[in-house]
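Next comes coords02.txt, a file with compact mmCIF, C-alpha atoms.
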# COMPACT_ATOMS: atom_id res chain seq x y z
CA MET Y 1 65.55 173.05 173.77
CA VAL Y 2 68.28 173.31 171.14
CA GLY Y 3 70.70 176.19 171.75
CA LEU Y 4 71.57 177.99 168.51
CA SER Y 5 74.00 180.80 167.72
CA ASN Y 6 72.71 183.97 166.10
CA GLY Y 7 74.35 182.89 162.84
CA GLU Y 8 72.51 179.57 162.86
CA LYS Y 9 69.22 181.27 163.69
CA ASN Y 10 69.68 183.74 160.83
CA PHE Y 11 70.52 180.88 158.49
CA ILE Y 12 67.33 178.99 159.45
CA GLN Y 13 65.13 182.08 159.21
CA GLY Y 14 66.70 183.16 155.90
CA GLY Y 15 66.10 179.73 154.39
CA ILE Y 16 62.47 179.63 155.54
CA SER Y 17 61.88 183.10 154.08
CA GLN Y 18 63.06 181.67 150.73
CA ASN Y 19 60.89 178.54 151.16
CA LEU Y 20 63.92 176.28 151.59
CA ARG Y 21 64.59 174.64 154.93
CA CYS Y 22 67.87 173.19 156.19
CA ASP Y 23 66.87 169.61 155.29
CA GLY Y 24 65.70 170.58 151.79
CA ARG Y 25 61.98 170.70 152.56
CA LYS Y 26 59.61 173.52 151.67
CA ARG Y 27 57.57 175.27 154.36
CA TYR Y 28 54.58 172.93 154.19
CA ASP Y 29 56.40 169.62 153.66
CA TYR Y 30 56.46 166.85 156.26
CA ARG Y 31 59.40 164.57 156.90
CA PRO Y 32 58.88 160.88 156.01
CA ILE Y 33 56.20 159.25 158.20
CA PHE Y 34 56.31 155.58 159.27
CA VAL Y 35 53.62 153.69 161.21
CA GLU Y 36 53.72 150.33 162.97
CA THR Y 37 50.64 148.93 164.74
CA GLY Y 38 50.14 146.28 167.41
CA VAL Y 39 53.46 147.06 169.11
CA ILE Y 40 52.16 146.43 172.67
CA PRO Y 41 50.40 143.03 172.84
CA GLN Y 42 48.86 143.65 176.30
CA ALA Y 43 47.00 146.77 175.11
CA ASN Y 44 43.65 146.80 173.27
CA GLY Y 45 45.39 148.81 170.56
CA SER Y 46 48.80 150.39 170.00
CA ALA Y 47 50.98 152.06 167.41
CA ARG Y 48 54.46 153.48 166.91
CA VAL Y 49 54.88 156.55 164.69
CA ARG Y 50 58.13 157.98 163.41
CA ILE Y 51 58.29 161.41 161.76
CA GLY Y 52 61.89 162.12 160.84
CA ALA Y 53 63.90 161.55 164.03
CA THR Y 54 60.85 162.03 166.28
CA GLU Y 55 59.44 158.72 167.49
CA VAL Y 56 56.44 158.12 169.74
CA ILE Y 57 54.25 155.22 170.87
CA ALA Y 58 50.55 155.33 171.78
CA SER Y 59 48.57 152.59 173.49
CA VAL Y 60 44.86 152.21 174.27
CA LYS Y 61 43.52 150.23 177.23
CA ALA Y 62 39.74 149.70 177.54
CA GLU Y 63 38.11 149.04 180.91
CA LEU Y 64 34.45 148.90 181.91
CA GLY Y 65 33.39 151.82 184.08
CA ARG Y 66 30.40 153.94 184.98
CA PRO Y 67 29.36 157.01 182.94
CA SER Y 68 29.65 160.38 184.63
CA VAL Y 69 26.51 161.92 186.11
CA LEU Y 70 26.78 164.84 183.67
CA HIS Y 71 27.06 162.56 180.62
CA PRO Y 72 25.15 159.33 181.36
CA ASP Y 73 24.96 158.54 177.63
CA LYS Y 74 28.72 158.64 176.95
CA GLY Y 75 31.89 156.76 177.75
CA LYS Y 76 35.09 158.40 178.93
CA VAL Y 77 38.55 158.92 177.48
CA SER Y 78 41.66 160.10 179.30
CA ILE Y 79 44.99 160.92 177.67
CA TYR Y 80 48.37 160.89 179.40
CA VAL Y 81 51.79 161.50 177.83
CA ASP Y 82 55.14 160.49 179.30
CA CYS Y 83 58.28 162.17 177.99
CA SER Y 84 61.08 159.65 178.52
CA ALA Y 85 64.32 161.11 179.87
CA VAL Y 86 66.08 158.78 177.41
CA ALA Y 87 64.57 160.79 174.54
CA GLU Y 88 65.96 164.15 175.58
CA PRO Y 89 68.16 165.27 178.53
CA MET Y 90 65.80 168.19 179.16
CA PHE Y 91 63.02 165.67 179.92
CA GLU Y 92 64.69 164.74 183.21
CA GLY Y 93 62.86 166.00 186.31
CA ARG Y 94 60.56 169.00 186.10
CA GLY Y 95 61.24 169.66 182.40
CA GLY Y 96 59.74 166.34 181.39
CA GLU Y 97 56.83 166.63 183.82
CA GLU Y 98 55.84 170.07 182.55
CA LEU Y 99 56.06 169.03 178.90
CA SER Y 100 54.10 165.82 179.62
CA ALA Y 101 51.31 167.86 181.24
CA GLU Y 102 51.32 170.40 178.38
CA LEU Y 103 51.14 167.71 175.68
CA SER Y 104 48.44 165.74 177.53
CA ALA Y 105 46.25 168.84 177.90
CA ALA Y 106 46.80 169.87 174.25
CA LEU Y 107 45.89 166.38 173.00
CA GLU Y 108 42.69 166.38 175.06
CA ARG Y 109 41.74 169.79 173.65
CA CYS Y 110 42.52 168.69 170.09
CA LEU Y 111 40.90 165.22 170.22
CA LEU Y 112 38.14 165.43 172.84
CA GLY Y 113 36.69 168.89 172.11
CA GLY Y 114 35.38 171.17 174.85
CA LYS Y 115 34.12 170.15 178.29
CA SER Y 116 30.68 169.52 176.81
CA GLY Y 117 32.20 167.05 174.36
CA GLU Y 118 31.15 169.19 171.41
CA GLY Y 119 33.58 168.89 168.52
CA ALA Y 120 35.09 165.70 169.91
CA GLY Y 121 37.02 163.70 167.34
CA ILE Y 122 36.41 160.55 169.39
CA ASP Y 123 32.74 159.54 169.54
CA LEU Y 124 32.16 159.09 173.27
CA ALA Y 125 28.58 157.88 172.69
CA SER Y 126 29.98 154.81 170.91
CA LEU Y 127 31.62 153.77 174.20
CA LEU Y 128 28.28 153.47 176.03
CA VAL Y 129 27.14 149.97 177.09
CA ALA Y 130 24.11 150.74 179.30
CA GLU Y 131 22.95 154.32 179.81
CA GLY Y 132 23.86 155.73 183.19
CA LYS Y 133 25.28 152.40 184.32
CA ILE Y 134 28.06 150.94 182.18
CA CYS Y 135 30.47 152.39 179.65
CA TRP Y 136 33.93 151.80 178.31
CA ASP Y 137 36.70 153.95 179.75
CA LEU Y 138 39.58 154.36 177.30
CA TYR Y 139 42.99 155.08 178.79
CA VAL Y 140 45.24 156.48 176.07
CA ASP Y 141 48.93 156.63 176.91
CA GLY Y 142 51.58 158.32 174.79
CA LEU Y 143 55.31 157.81 175.18
CA VAL Y 144 57.98 160.00 173.59
CA ILE Y 145 60.93 157.76 172.66
CA SER Y 146 63.03 160.24 170.69
CA SER Y 147 62.42 163.93 170.12
CA ASP Y 148 63.33 166.06 167.14
CA GLY Y 149 60.40 168.46 167.09
CA ASN Y 150 56.68 168.31 166.25
CA LEU Y 151 55.78 166.06 169.18
CA LEU Y 152 52.08 167.04 169.29
CA ASP Y 153 51.40 166.11 165.65
CA ALA Y 154 53.34 162.85 166.03
CA LEU Y 155 51.43 161.90 169.19
CA GLY Y 156 48.11 162.77 167.52
CA ALA Y 157 49.02 160.52 164.57
CA ALA Y 158 50.07 157.69 166.93
CA ILE Y 159 46.78 157.93 168.86
CA LYS Y 160 44.77 157.83 165.62
CA ALA Y 161 46.76 154.76 164.50
CA ALA Y 162 46.40 153.09 167.92
CA LEU Y 163 42.64 153.67 167.92
CA SER Y 164 42.36 152.13 164.44
CA ASN Y 165 44.19 149.11 165.89
CA THR Y 166 41.88 148.94 168.93
CA GLY Y 167 39.45 146.08 169.40
CA ILE Y 168 36.87 146.48 172.17
CA PRO Y 169 35.32 143.23 173.47
CA LYS Y 170 31.64 142.80 172.69
CA VAL Y 171 29.53 143.14 175.85
CA ASN Y 172 26.13 141.50 176.40
CA VAL Y 173 24.06 143.08 179.16
CA ALA Y 174 21.77 140.77 181.11
CA ALA Y 175 18.08 141.70 181.06
CA GLY Y 176 16.57 142.99 184.27
CA GLY Y 177 18.27 145.03 186.94
CA SER Y 178 16.40 148.07 188.13
CA GLY Y 179 17.04 151.29 189.94
CA ASP Y 180 20.64 151.84 190.84
CA GLU Y 181 21.63 148.20 190.48
CA GLN Y 182 24.49 147.47 188.13
CA PRO Y 183 23.32 144.99 185.47
CA GLU Y 184 25.33 141.84 184.96
CA VAL Y 185 27.49 141.76 181.86
CA ASP Y 186 29.11 139.06 179.80
CA ILE Y 187 32.36 140.17 178.13
CA SER Y 188 33.24 138.19 175.03
CA ASP Y 189 36.72 136.70 174.65
CA GLU Y 190 36.22 136.12 170.94
CA GLU Y 191 34.11 138.95 169.49
CA PHE Y 192 35.65 142.39 169.24
CA LEU Y 193 34.27 145.65 167.90
CA GLN Y 194 36.69 147.73 165.87
CA PHE Y 195 36.88 151.35 166.92
CA ASP Y 196 35.50 153.74 164.29
CA THR Y 197 38.30 156.22 163.56
CA SER Y 198 36.72 157.94 160.55
CA ALA Y 199 36.07 161.09 162.61
CA VAL Y 200 39.35 161.01 164.56
CA PRO Y 201 41.37 164.04 163.44
CA VAL Y 202 45.00 164.61 162.69
CA ILE Y 203 46.82 167.53 164.30
CA VAL Y 204 48.58 170.07 162.09
CA THR Y 205 50.89 172.47 163.92
CA LEU Y 206 51.85 175.65 162.09
CA LEU Y 207 54.94 177.21 163.62
CA LYS Y 208 55.79 180.86 163.03
CA VAL Y 209 59.44 181.61 162.27
CA GLY Y 210 60.04 185.22 161.30
CA ARG Y 211 57.15 186.23 159.02
CA HIS Y 212 56.37 182.73 157.77
CA TYR Y 213 54.66 179.56 159.00
CA ILE Y 214 56.06 176.06 158.61
CA VAL Y 215 54.77 172.55 159.42
CA ASP Y 216 56.54 169.58 161.01
CA ALA Y 217 59.26 171.71 162.60
CA THR Y 218 62.50 170.14 163.83
CA SER Y 219 63.85 170.91 167.30
CA GLU Y 220 66.21 173.48 165.78
CA GLU Y 221 63.34 175.25 164.03
CA GLU Y 222 61.19 175.13 167.18
CA SER Y 223 63.93 176.86 169.15
CA HIS Y 224 63.51 179.82 166.79
CA MET Y 225 59.70 180.04 166.84
CA SER Y 226 57.70 183.05 168.01
CA SER Y 227 54.42 181.14 168.30
CA ALA Y 228 52.65 177.98 167.13
CA ILE Y 229 49.04 177.11 166.41
CA SER Y 230 47.90 173.47 166.39
CA VAL Y 231 44.65 172.68 164.58
CA SER Y 232 42.99 169.27 164.72
CA ILE Y 233 40.96 168.45 161.61
CA ASN Y 234 39.19 165.26 160.56
CA ARG Y 235 38.57 163.79 157.12
CA ARG Y 236 35.30 165.68 156.77
CA GLY Y 237 37.17 168.97 157.22
CA HIS Y 238 35.65 169.60 160.66
CA ILE Y 239 37.77 171.53 163.15
CA CYS Y 240 37.86 169.41 166.32
CA GLY Y 241 40.17 171.60 168.38
CA LEU Y 242 42.68 174.41 168.35
CA THR Y 243 45.50 175.27 170.72
CA LYS Y 244 48.29 177.86 170.77
CA ARG Y 245 51.66 178.03 172.43
CA GLY Y 246 54.50 180.54 172.45
CA GLY Y 247 54.61 184.05 173.84
CA ALA Y 248 53.92 186.05 170.68
CA GLY Y 249 50.34 187.08 170.00
CA ILE Y 250 48.58 186.13 166.79
CA ASP Y 251 46.51 188.64 164.84
CA PRO Y 252 42.90 187.35 164.85
CA SER Y 253 42.57 188.39 161.20
CA ILE Y 254 45.00 185.67 160.07
CA ILE Y 255 43.46 182.83 162.10
CA SER Y 256 41.12 181.97 159.22
CA ASP Y 257 44.11 181.85 156.83
CA ILE Y 258 45.98 179.54 159.21
CA ILE Y 259 42.95 177.23 159.46
CA SER Y 260 42.60 177.22 155.67
CA VAL Y 261 46.26 176.20 155.25
CA ALA Y 262 45.92 173.58 157.99
CA LYS Y 263 42.84 172.10 156.27
CA HIS Y 264 44.71 171.75 152.99
CA ILE Y 265 47.72 170.14 154.67
CA SER Y 266 45.50 167.84 156.79
CA GLU Y 267 44.01 166.23 153.66
CA GLN Y 268 47.46 165.10 152.50
CA LEU Y 269 48.46 164.07 156.03
CA ILE Y 270 45.30 161.97 156.55
CA ASP Y 271 45.80 160.22 153.18
CA LYS Y 272 49.43 159.44 154.06
CA LEU Y 273 48.58 158.30 157.57
CA ASP Y 274 45.64 156.12 156.47
CA SER Y 275 47.87 154.51 153.84
CA GLU Y 276 50.58 153.81 156.43
CA ILE Y 277 48.03 152.42 158.93
CA SER Y 278 46.52 150.10 156.28
CA ALA Y 279 49.97 148.85 155.29
CA ALA Y 280 50.94 148.33 158.94
CA GLU Y 281 47.74 146.39 159.73
CA ALA Y 282 48.16 144.26 156.59
CA GLY Y 283 51.70 143.42 157.70
CA GLU Y 284 50.42 142.61 161.19
CA ASP Y 285 47.78 140.22 159.77
CA GLU Y 286 50.43 138.37 157.77
CA GLN Y 287 52.55 137.67 160.87
In structure tokens, write the structure found in this file.
Amino acid sequence: MVGLSNGEKNFIQGGISQNLRCDGRKRYDYRPIFVETGVIPQANGSARVRIGATEVIASVKAELGRPSVLHPDKGKVSIYVDCSAVAEPMFEGRGGEELSAELSAALERCLLGGKSGEGAGIDLASLLVAEGKICWDLYVDGLVISSDGNLLDALGAAIKAALSNTGIPKVNVAAGGSGDEQPEVDISDEEFLQFDTSAVPVIVTLLKVGRHYIVDATSEEESHMSSAISVSINRRGHICGLTKRGGAGIDPSIISDIISVAKHISEQLIDKLDSEISAAEAGEDEQ
């Protein structure tokens, strides 16, 4: 966490109250966003995302597994984030472990919906191969390379980009096999199914500084926050998840206003991200 003097804090808060941040942005402006896909050849899909001086990588590994007893008609997704000690001295030891756990849990809430799977931005049914017997398990790993605030939104963007870059091998299930027997499968080395990311949301975090909310906060701005609400929203405007951090309470009456602002911002963010992903994949095809 960045340590600021009272003078610096007052300067940041005063600027935000006048809709002018230290780097010249307005309250709802993002820093420049850059996306690169296919950065980890061994993975089924991967992407690097840079937002200002914050840089993260996400990778997706697909393995055949067995559906859970509770959800025999769905595949499974797990998300794990590692905060590299190289990115920030505070990530060494317990600090990094606690933040990794917090980010992993927040990403699962924002992208995978509730325990029932309702509201999930990732369609778990699309990962099913044979009901009750075979499914794809997706292991999504995030790595924080450099940190200058807004890690959750950056990781969410990197996961969306990595999923759009993910090819899952086509699986043919042999006929027959009864009862509890696992059917034989043939995994193609040549045919791959592209993951449908149309419903995968982006995460918009609104950080409260003084009386105002801002998006894409830097580390300095985060050190001055009273609370933050992260809303995950997909292209259809559906809310896929919501999470809060920070000690200050939030008046329930303004939650709808926050969601309305987040929806508006998400439309611009999705357009920008989709454009960057398309450009990155086009560049990858040319190589």
Task: Distance of atom CA of His224 of chain Y from atom CA of Met90 of chain Y, expressed in Å to one decimal place - done: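 Between atom CA of Met90 of chain Y and atom CA of His224 of chain Y the gap is 17.1 Å.
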Task: Pick from Y:Thr218, Y:Thr243, Y:Ser104, Y:Ser226 nearest to Arg25 of chain Y, counting only C-alpha atoms - done: Y:Thr218
Open item on the list: I need every residue sitting at most 8 Å from the point (49.9, 155.9, 173.2) (coordinates as in the file, only C-alpha atoms considered), written as a list in words.
Closed with: Ser46, Ala47, Val56, Ile57, Ala58, Ser59, Val60, Val81, Val140, Asp141, Gly142, Leu143, Leu155, Ala158, Ile159 and Ala162 of chain Y
Open item on the list: I'd like the interatomic distance between atom CA of Glu131 of chain Y and atom CA of Gln194 of chain Y, to a tenth of an Å.
Closed with: 20.7 Å
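Going from atom CA of Pro72 of chain Y over to atom CA of Asn172 of chain Y, you cover 18.5 Å.
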Open item on the list: Given only C-alpha atoms as the basis, pick out the residue of Y:Gly96, Y:Gly132, Y:Gly283, Y:Gly241 nearest to Asp82 of chain Y.
Closed with: Y:Gly96
TODO: Give as an MDAnalysis selection string each residue that has an atom at most 9 Å from (39.9, 158.0, 181.3) in the file, counting all atoms listed in the file.
DONE: chainID Y and resid 75:79 137:140
Task: Near-Lys244 of chain Y list (10 Å; only C-alpha atoms; drop same-chain fewer than 6 positions) as a list in words - done: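 Skipping anything fewer than 6 positions along the chain leaves Ala106, Thr205, Leu206, Leu207, Ser227, Ala228, Ile229, Ser230, Val231 and Ile250 of chain Y.
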- [ ] Have a look at Y:Pro89, Y:Pro183, Y:Gly52, Y:Gly237 and name the one nearest to Asp148 of chain Y; count all atoms listed in the file.
- [x]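 Of the candidates, the smallest distance to Asp148 of chain Y is held by Y:Gly52.
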Task: Counting all atoms listed in the file, the residue of Y:Thr197, Y:Ser275, Y:Ser188, Y:Gln13 that sits nearest Lys170 of chain Y - done: Y:Ser188
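Using all atoms listed in the file for every distance, the candidate list Y:Ile145, Y:Phe192, Y:Asp271, Y:Val200 yields Y:Ile145 as the residue closest to Ala53 of chain Y.
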Open item on the list: Ranking Y:Glu281, Y:Glu98, Y:Asp123, Y:Glu222 by minimum distance to Ser198 of chain Y and counting only C-alpha atoms, which one comes first?
Closed with: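 When distances to Ser198 of chain Y are compared using only C-alpha atoms, the smallest one comes from Y:Asp123.
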Within 12 Å of Pro169 of chain Y, counting all atoms listed in the file, which residues show up once you throw out same-chain ones fewer than 3 positions away? Write them as a PDB file with C-alpha atoms, in the frame of the given file, please.
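Output file out21.pdb is given in full below:
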ATOM      1  CA  ASN Y  44      43.650 146.800 173.270  1.00  0.00           C
ATOM      2  CA  GLY Y  45      45.390 148.810 170.560  1.00  0.00           C
ATOM      3  CA  LYS Y  61      43.520 150.230 177.230  1.00  0.00           C
ATOM      4  CA  ALA Y  62      39.740 149.700 177.540  1.00  0.00           C
ATOM      5  CA  GLU Y  63      38.110 149.040 180.910  1.00  0.00           C
ATOM      6  CA  LEU Y  64      34.450 148.900 181.910  1.00  0.00           C
ATOM      7  CA  LEU Y 127      31.620 153.770 174.200  1.00  0.00           C
ATOM      8  CA  VAL Y 129      27.140 149.970 177.090  1.00  0.00           C
ATOM      9  CA  TRP Y 136      33.930 151.800 178.310  1.00  0.00           C
ATOM     10  CA  THR Y 166      41.880 148.940 168.930  1.00  0.00           C
ATOM     11  CA  ASN Y 172      26.130 141.500 176.400  1.00  0.00           C
ATOM     12  CA  VAL Y 185      27.490 141.760 181.860  1.00  0.00           C
ATOM     13  CA  ASP Y 186      29.110 139.060 179.800  1.00  0.00           C
ATOM     14  CA  ILE Y 187      32.360 140.170 178.130  1.00  0.00           C
ATOM     15  CA  SER Y 188      33.240 138.190 175.030  1.00  0.00           C
ATOM     16  CA  ASP Y 189      36.720 136.700 174.650  1.00  0.00           C
ATOM     17  CA  GLU Y 190      36.220 136.120 170.940  1.00  0.00           C
ATOM     18  CA  GLU Y 191      34.110 138.950 169.490  1.00  0.00           C
ATOM     19  CA  PHE Y 192      35.650 142.390 169.240  1.00  0.00           C
ATOM     20  CA  LEU Y 193      34.270 145.650 167.900  1.00  0.00           C
ATOM     21  CA  GLN Y 194      36.690 147.730 165.870  1.00  0.00           C
ATOM     22  CA  PHE Y 195      36.880 151.350 166.920  1.00  0.00           C
TER      23      PHE Y 195
END
TODO: With a distance cut-off of 12 Å and only C-alpha atoms, select the neighbouring residues of Gln18 of chain Y, excluding the residue or stretch itself and same-chain residues fewer than 4 positions from it, and output the selection as number ranges by chain.
DONE: Y: 11-14, 22, 24-27, 210-214
